[in-house]
Structures are given as structure tokens and as C-alpha cells.
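*Asks:* Just coords-v9.pdb, nothing more (PDB, C-alpha atoms):
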ATOM      1  CA  MET A 288     -25.043  12.388  22.478  1.00  0.00           C
ATOM      2  CA  THR A 289     -23.889  14.789  25.178  1.00  0.00           C
ATOM      3  CA  VAL A 290     -21.325  13.942  27.857  1.00  0.00           C
ATOM      4  CA  THR A 291     -20.042  16.176  30.653  1.00  0.00           C
ATOM      5  CA  LYS A 292     -16.328  15.735  31.351  1.00  0.00           C
ATOM      6  CA  LYS A 293     -13.543  17.272  33.437  1.00  0.00           C
ATOM      7  CA  LEU A 294      -9.967  17.656  32.239  1.00  0.00           C
ATOM      8  CA  SER A 295      -7.369  15.358  33.826  1.00  0.00           C
ATOM      9  CA  LYS A 296      -3.843  16.452  34.792  1.00  0.00           C
ATOM     10  CA  HIS A 297      -1.290  14.858  32.439  1.00  0.00           C
ATOM     11  CA  GLY A 298       2.260  16.000  33.240  1.00  0.00           C
ATOM     12  CA  ASN A 299       2.347  19.779  32.790  1.00  0.00           C
ATOM     13  CA  SER A 300      -0.766  19.690  30.590  1.00  0.00           C
ATOM     14  CA  TYR A 301      -4.385  18.662  30.813  1.00  0.00           C
ATOM     15  CA  ALA A 302      -6.054  15.842  28.885  1.00  0.00           C
ATOM     16  CA  LEU A 303      -9.595  15.010  27.894  1.00  0.00           C
ATOM     17  CA  ILE A 304     -10.260  11.291  28.328  1.00  0.00           C
ATOM     18  CA  ILE A 305     -12.685   9.856  25.765  1.00  0.00           C
ATOM     19  CA  GLU A 306     -14.210   6.518  26.746  1.00  0.00           C
ATOM     20  CA  ARG A 307     -13.959   3.503  24.441  1.00  0.00           C
ATOM     21  CA  PRO A 308     -17.711   3.339  23.561  1.00  0.00           C
ATOM     22  CA  ILE A 309     -17.559   6.879  22.168  1.00  0.00           C
ATOM     23  CA  LEU A 310     -14.347   6.111  20.260  1.00  0.00           C
ATOM     24  CA  GLU A 311     -15.929   2.968  18.797  1.00  0.00           C
ATOM     25  CA  LEU A 312     -19.089   4.864  17.861  1.00  0.00           C
ATOM     26  CA  LEU A 313     -17.003   7.385  15.895  1.00  0.00           C
ATOM     27  CA  GLY A 314     -14.554   4.837  14.482  1.00  0.00           C
ATOM     28  CA  ILE A 315     -11.600   6.563  16.147  1.00  0.00           C
ATOM     29  CA  ASP A 316      -8.467   4.756  17.287  1.00  0.00           C
ATOM     30  CA  SER A 317      -4.969   5.808  18.382  1.00  0.00           C
ATOM     31  CA  ASP A 318      -3.898   6.278  14.733  1.00  0.00           C
ATOM     32  CA  THR A 319      -6.784   8.587  13.781  1.00  0.00           C
ATOM     33  CA  LEU A 320      -5.767  12.203  13.263  1.00  0.00           C
ATOM     34  CA  LEU A 321      -8.086  14.701  14.928  1.00  0.00           C
ATOM     35  CA  GLN A 322      -8.729  18.263  13.809  1.00  0.00           C
ATOM     36  CA  ILE A 323      -9.402  20.600  16.731  1.00  0.00           C
ATOM     37  CA  SER A 324     -11.080  23.922  15.981  1.00  0.00           C
ATOM     38  CA  THR A 325     -12.786  26.749  17.856  1.00  0.00           C
ATOM     39  CA  PRO A 326     -15.301  28.104  15.341  1.00  0.00           C
ATOM     40  CA  ASP A 327     -16.882  30.704  17.613  1.00  0.00           C
ATOM     41  CA  GLY A 328     -14.090  31.175  20.169  1.00  0.00           C
ATOM     42  CA  SER A 329     -16.172  29.699  22.983  1.00  0.00           C
ATOM     43  CA  SER A 330     -16.462  26.023  22.004  1.00  0.00           C
ATOM     44  CA  ILE A 331     -14.163  23.226  20.861  1.00  0.00           C
ATOM     45  CA  VAL A 332     -14.986  21.003  17.889  1.00  0.00           C
ATOM     46  CA  ILE A 333     -12.991  17.784  17.480  1.00  0.00           C
ATOM     47  CA  THR A 334     -13.333  16.101  14.076  1.00  0.00           C
ATOM     48  CA  PRO A 335     -11.679  12.836  13.026  1.00  0.00           C
ATOM     49  CA  LEU A 336      -9.756  13.162   9.766  1.00  0.00           C
ATOM     50  CA  LYS A 337     -10.164   9.548   8.727  1.00  0.00           C
ATOM     51  CA  ASN A 338     -11.920  10.548   5.492  1.00  0.00           C
ATOM     52  CA  GLN A 339      -8.898  12.572   4.427  1.00  0.00           C
ATOM     53  CA  ALA A 340      -6.594   9.672   5.322  1.00  0.00           C
ATOM     54  CA  GLN A 341      -8.809   7.280   3.386  1.00  0.00           C
ATOM     55  CA  ARG A 342      -8.740   9.611   0.365  1.00  0.00           C
ATOM     56  CA  LYS A 343      -4.935   9.721   0.473  1.00  0.00           C
ATOM     57  CA  LYS A 344      -4.758   5.934   0.689  1.00  0.00           C
ATOM     58  CA  PHE A 345      -7.254   5.554  -2.163  1.00  0.00           C
ATOM     59  CA  SER A 346      -5.393   8.070  -4.327  1.00  0.00           C
ATOM     60  CA  SER A 347      -2.090   6.321  -3.701  1.00  0.00           C
ATOM     61  CA  SER A 348      -3.605   2.939  -4.578  1.00  0.00           C
ATOM     62  CA  LEU A 349      -5.206   4.365  -7.715  1.00  0.00           C
ATOM     63  CA  GLN A 350      -1.858   5.756  -8.893  1.00  0.00           C
ATOM     64  CA  LYS A 351      -0.194   2.369  -8.378  1.00  0.00           C
ATOM     65  CA  ILE A 352      -2.947   0.569 -10.295  1.00  0.00           C
ATOM     66  CA  ASN A 353      -2.828   3.079 -13.168  1.00  0.00           C
ATOM     67  CA  LYS A 354       0.945   2.776 -13.375  1.00  0.00           C
ATOM     68  CA  LYS A 355       0.810  -1.012 -13.466  1.00  0.00           C
ATOM     69  CA  TYR A 356      -2.371  -1.622 -15.492  1.00  0.00           C
ATOM     70  CA  GLY A 357      -3.033   1.736 -17.201  1.00  0.00           C
ATOM     71  CA  ARG A 358      -2.447   0.524 -20.759  1.00  0.00           C
ATOM     72  CA  ALA A 359      -4.616  -2.557 -20.322  1.00  0.00           C
ATOM     73  CA  LEU A 360      -7.411  -0.512 -18.771  1.00  0.00           C
ATOM     74  CA  LYS A 361      -7.306   1.973 -21.678  1.00  0.00           C
ATOM     75  CA  ARG A 362      -7.501  -0.866 -24.202  1.00  0.00           C
ATOM     76  CA  LEU A 363     -10.448  -2.389 -22.339  1.00  0.00           C
ATOM     77  CA  ALA A 364     -12.227   0.971 -22.361  1.00  0.00           C
ATOM     78  CA  GLU A 365     -12.024   1.197 -26.187  1.00  0.00           C
TER      79      GLU A 365
END
Would you mind writing the file's structure down as C-alpha cells?

*Replies:*
Amino acid sequence: MTVTKKLSKHGNSYALIIERPILELLGIDSDTLLQISTPDGSSIVITPLKNQAQRKKFSSSLQKINKKYGRALKRLAE
């Protein structure tokens, strides 16, 4: 999908407005962290970091489960 956009004035800065259908397509909301990079110095790549956030959440949940049920899980594995 390719879209042509202009920057909008936002205070002393400029903003890129991304329409809701594109946000929904990518699964991005106001809480999604975005990584902005310029790999070749002449283009901008915006990547949602939801996978990294999901990994952190999963890892945190896994630690809680292991702390609470670790012994029982080890006994079940034997």
C-alpha cells in the first residue's frame, strides 16, 4: 500500500497524520511504540514495536507463573 501525504503544522513542529484504516491494518493504537529509522539517509521507516512489548509482557507473565507454580511444574515434568 502506498499513500502520498503532506506534513501538518503542529505547534512548532510538523506531524504526519495516519488515517484510522491504516492504523487498524497494522494493529497500531495510541499506546503502540514506534521505531523511526532512516536506513539509507533518504527515506523514513516507521515500525511498530508491539512484538517487543508483547515479548516483555510474556516474559513477565512467565516469571510470575514460574515463581508461583515452578515446583509443581517440575514435578509434573518428571

*Asks:* Find the spatial neighbours of A:Gln341, counting all atoms listed in the file, within a cut-off of 12 Å - ignore same-chain residues fewer than 6 positions away - and output them as a list in words.

*Replies:* Thr319, Leu320, Pro335, Ser347 and Ser348 of chain A

*Asks:* Calculated over only C-alpha atoms, which of the candidates A:Val290, A:Leu336, A:Glu311, A:Gln350 has the smallest distance to A:Ile323?

*Replies:*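 The closest residue to A:Ile323 is A:Leu336.
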
*Asks:* Which residue, A:Ile309, A:Arg358, A:Ile315, A:Pro326, has the smallest gap to A:Met288 when you use all atoms listed in the file?

*Replies:*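 Ranked by minimum distance to A:Met288, first place goes to A:Ile309.
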
*Asks:* Using all atoms of stretch 289-293 of chain A listed in the file and a margin of 6 Å per side, can you give the axis-aligned box centre and edge lengths in Å to one decimal, as lines of an AutoDock Vina configuration file?

*Replies:*
center_x = -18.7
center_y = 15.6
center_z = 29.3
size_x = 22.3
size_y = 15.3
size_z = 20.3

*Asks:* What's the separation between atom CA of A:Ile333 and atom CA of A:Leu321, in Å to one decimal place?

*Replies:*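 Between atom CA of A:Ile333 and atom CA of A:Leu321 the gap is 6.3 Å.
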
*Asks:* Pull the neighbourhood of (-10.6, 18.0, 21.7) for me: all residues within 10 Å in file coordinates, counting only C-alpha atoms, as a short mmCIF file (atom, residue, chain, number, x, y, z; two decimals) with C-alpha atoms, keeping the file's coordinate frame.

*Replies:*
data_model
loop_
_atom_site.label_atom_id
_atom_site.label_comp_id
_atom_site.auth_asym_id
_atom_site.auth_seq_id
_atom_site.Cartn_x
_atom_site.Cartn_y
_atom_site.Cartn_z
CA ALA A 302 -6.05 15.84 28.88
CA LEU A 303 -9.60 15.01 27.89
CA ILE A 304 -10.26 11.29 28.33
CA ILE A 305 -12.68 9.86 25.76
CA LEU A 321 -8.09 14.70 14.93
CA GLN A 322 -8.73 18.26 13.81
CA ILE A 323 -9.40 20.60 16.73
CA SER A 324 -11.08 23.92 15.98
CA THR A 325 -12.79 26.75 17.86
CA SER A 330 -16.46 26.02 22.00
CA ILE A 331 -14.16 23.23 20.86
CA VAL A 332 -14.99 21.00 17.89
CA ILE A 333 -12.99 17.78 17.48
CA THR A 334 -13.33 16.10 14.08
#

*Asks:* What gap, in Å, lies between atom CA of A:Gly328 and atom CA of A:Arg307?

*Replies:*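 Answer for the atom CA of A:Gly328 to atom CA of A:Arg307 separation: 28.0 Å.
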
*Asks:* What separation in Å, quoted to one decimal, exists between atom CA of A:Asn299 and atom CA of A:Gly314?

*Replies:*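 One can read the atom CA of A:Asn299 to atom CA of A:Gly314 distance as 29.1 Å.
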
*Asks:* Taking the structure I provided as the source, export stretch 307-342 of chain A with N, CA, C and O atoms, as a CSV table (one decimal), in the first residue's frame.

*Replies:*
chain,number,residue,atom,x,y,z
A,307,ARG,N,-7.1,6.2,10.3
A,307,ARG,CA,-7.5,5.0,11.1
A,307,ARG,C,-7.5,3.7,10.3
A,307,ARG,O,-7.0,2.7,10.9
A,308,PRO,N,-7.9,3.6,9.1
A,308,PRO,CA,-7.8,2.3,8.4
A,308,PRO,C,-6.4,1.8,8.3
A,308,PRO,O,-6.2,0.6,8.4
A,309,ILE,N,-5.4,2.7,8.1
A,309,ILE,CA,-4.0,2.2,8.1
A,309,ILE,C,-3.6,1.7,9.5
A,309,ILE,O,-2.9,0.7,9.6
A,310,LEU,N,-4.0,2.5,10.5
A,310,LEU,CA,-3.6,2.1,11.9
A,310,LEU,C,-4.2,0.8,12.2
A,310,LEU,O,-3.6,-0.1,12.8
A,311,GLU,N,-5.5,0.6,11.8
A,311,GLU,CA,-6.2,-0.7,12.1
A,311,GLU,C,-5.5,-1.9,11.3
A,311,GLU,O,-5.4,-3.0,11.9
A,312,LEU,N,-5.1,-1.6,10.1
A,312,LEU,CA,-4.5,-2.6,9.3
A,312,LEU,C,-3.2,-3.1,10.0
A,312,LEU,O,-2.9,-4.3,10.0
A,313,LEU,N,-2.5,-2.2,10.6
A,313,LEU,CA,-1.2,-2.5,11.2
A,313,LEU,C,-1.3,-2.9,12.7
A,313,LEU,O,-0.3,-3.3,13.3
A,314,GLY,N,-2.5,-2.7,13.2
A,314,GLY,CA,-2.7,-3.0,14.6
A,314,GLY,C,-2.0,-2.0,15.6
A,314,GLY,O,-1.5,-2.4,16.6
A,315,ILE,N,-2.0,-0.8,15.1
A,315,ILE,CA,-1.4,0.3,15.9
A,315,ILE,C,-2.4,1.1,16.6
A,315,ILE,O,-3.4,1.5,16.0
A,316,ASP,N,-2.2,1.4,17.9
A,316,ASP,CA,-3.0,2.4,18.6
A,316,ASP,C,-2.2,3.4,19.3
A,316,ASP,O,-1.0,3.4,19.1
A,317,SER,N,-2.8,4.3,20.1
A,317,SER,CA,-2.1,5.3,20.7
A,317,SER,C,-1.0,4.9,21.7
A,317,SER,O,-0.1,5.6,22.1
A,318,ASP,N,-1.1,3.6,22.2
A,318,ASP,CA,-0.1,3.0,23.1
A,318,ASP,C,1.0,2.3,22.5
A,318,ASP,O,2.0,1.9,23.1
A,319,THR,N,0.9,2.1,21.2
A,319,THR,CA,2.0,1.4,20.4
A,319,THR,C,3.2,2.2,20.3
A,319,THR,O,3.2,3.4,19.8
A,320,LEU,N,4.4,1.7,20.7
A,320,LEU,CA,5.6,2.4,20.5
A,320,LEU,C,6.0,2.2,19.0
A,320,LEU,O,5.9,1.1,18.5
A,321,LEU,N,6.6,3.3,18.4
A,321,LEU,CA,7.0,3.2,17.0
A,321,LEU,C,8.5,3.5,17.0
A,321,LEU,O,9.0,4.4,17.6
A,322,GLN,N,9.2,2.7,16.2
A,322,GLN,CA,10.6,2.9,15.9
A,322,GLN,C,10.7,3.6,14.6
A,322,GLN,O,10.2,3.2,13.6
A,323,ILE,N,11.5,4.7,14.6
A,323,ILE,CA,11.6,5.5,13.4
A,323,ILE,C,13.1,5.5,13.0
A,323,ILE,O,14.0,5.8,13.8
A,324,SER,N,13.4,5.0,11.8
A,324,SER,CA,14.8,4.9,11.3
A,324,SER,C,14.9,5.5,9.9
A,324,SER,O,13.9,5.6,9.2
A,325,THR,N,16.1,5.8,9.6
A,325,THR,CA,16.5,6.3,8.2
A,325,THR,C,17.6,5.4,7.7
A,325,THR,O,18.8,5.8,7.8
A,326,PRO,N,17.3,4.2,7.2
A,326,PRO,CA,18.3,3.3,6.8
A,326,PRO,C,19.3,3.8,5.7
A,326,PRO,O,20.5,3.4,5.8
A,327,ASP,N,18.8,4.5,4.8
A,327,ASP,CA,19.7,5.0,3.7
A,327,ASP,C,19.9,6.5,3.7
A,327,ASP,O,20.5,7.0,2.8
A,328,GLY,N,19.3,7.2,4.7
A,328,GLY,CA,19.5,8.6,4.8
A,328,GLY,C,18.6,9.4,3.9
A,328,GLY,O,18.6,10.6,3.9
A,329,SER,N,17.8,8.7,3.1
A,329,SER,CA,16.9,9.5,2.2
A,329,SER,C,15.4,9.0,2.3
A,329,SER,O,14.5,9.5,1.6
A,330,SER,N,15.2,8.0,3.3
A,330,SER,CA,13.8,7.6,3.5
A,330,SER,C,13.6,7.3,5.0
A,330,SER,O,14.5,7.2,5.7
A,331,ILE,N,12.3,7.3,5.4
A,331,ILE,CA,11.9,7.1,6.8
A,331,ILE,C,11.2,5.8,6.8
A,331,ILE,O,10.3,5.5,6.0
A,332,VAL,N,11.6,4.9,7.8
A,332,VAL,CA,10.9,3.7,8.0
A,332,VAL,C,10.3,3.7,9.4
A,332,VAL,O,11.0,4.0,10.4
A,333,ILE,N,9.0,3.5,9.6
A,333,ILE,CA,8.3,3.5,10.8
A,333,ILE,C,7.8,2.1,11.1
A,333,ILE,O,7.1,1.6,10.3
A,334,THR,N,8.3,1.5,12.2
A,334,THR,CA,8.0,0.2,12.6
A,334,THR,C,7.3,0.1,13.9
A,334,THR,O,7.9,0.6,14.9
A,335,PRO,N,6.2,-0.5,14.0
A,335,PRO,CA,5.6,-0.7,15.4
A,335,PRO,C,6.4,-1.7,16.2
A,335,PRO,O,6.8,-2.7,15.7
A,336,LEU,N,6.5,-1.4,17.5
A,336,LEU,CA,7.3,-2.3,18.4
A,336,LEU,C,6.4,-3.1,19.2
A,336,LEU,O,6.8,-3.5,20.3
A,337,LYS,N,5.2,-3.5,18.7
A,337,LYS,CA,4.3,-4.3,19.5
A,337,LYS,C,4.9,-5.6,19.8
A,337,LYS,O,4.6,-6.2,20.9
A,338,ASN,N,5.6,-6.2,18.9
A,338,ASN,CA,6.2,-7.5,19.2
A,338,ASN,C,7.1,-7.5,20.4
A,338,ASN,O,7.1,-8.4,21.2
A,339,GLN,N,7.9,-6.5,20.5
A,339,GLN,CA,8.8,-6.3,21.6
A,339,GLN,C,8.0,-6.1,22.9
A,339,GLN,O,8.4,-6.7,23.9
A,340,ALA,N,7.0,-5.4,22.9
A,340,ALA,CA,6.1,-5.2,24.0
A,340,ALA,C,5.5,-6.5,24.4
A,340,ALA,O,5.3,-6.8,25.6
A,341,GLN,N,5.0,-7.2,23.4
A,341,GLN,CA,4.4,-8.5,23.7
A,341,GLN,C,5.4,-9.5,24.3
A,341,GLN,O,5.0,-10.2,25.3
A,342,ARG,N,6.6,-9.5,23.9
A,342,ARG,CA,7.6,-10.3,24.4
A,342,ARG,C,7.9,-10.0,25.9
A,342,ARG,O,8.1,-10.8,26.7
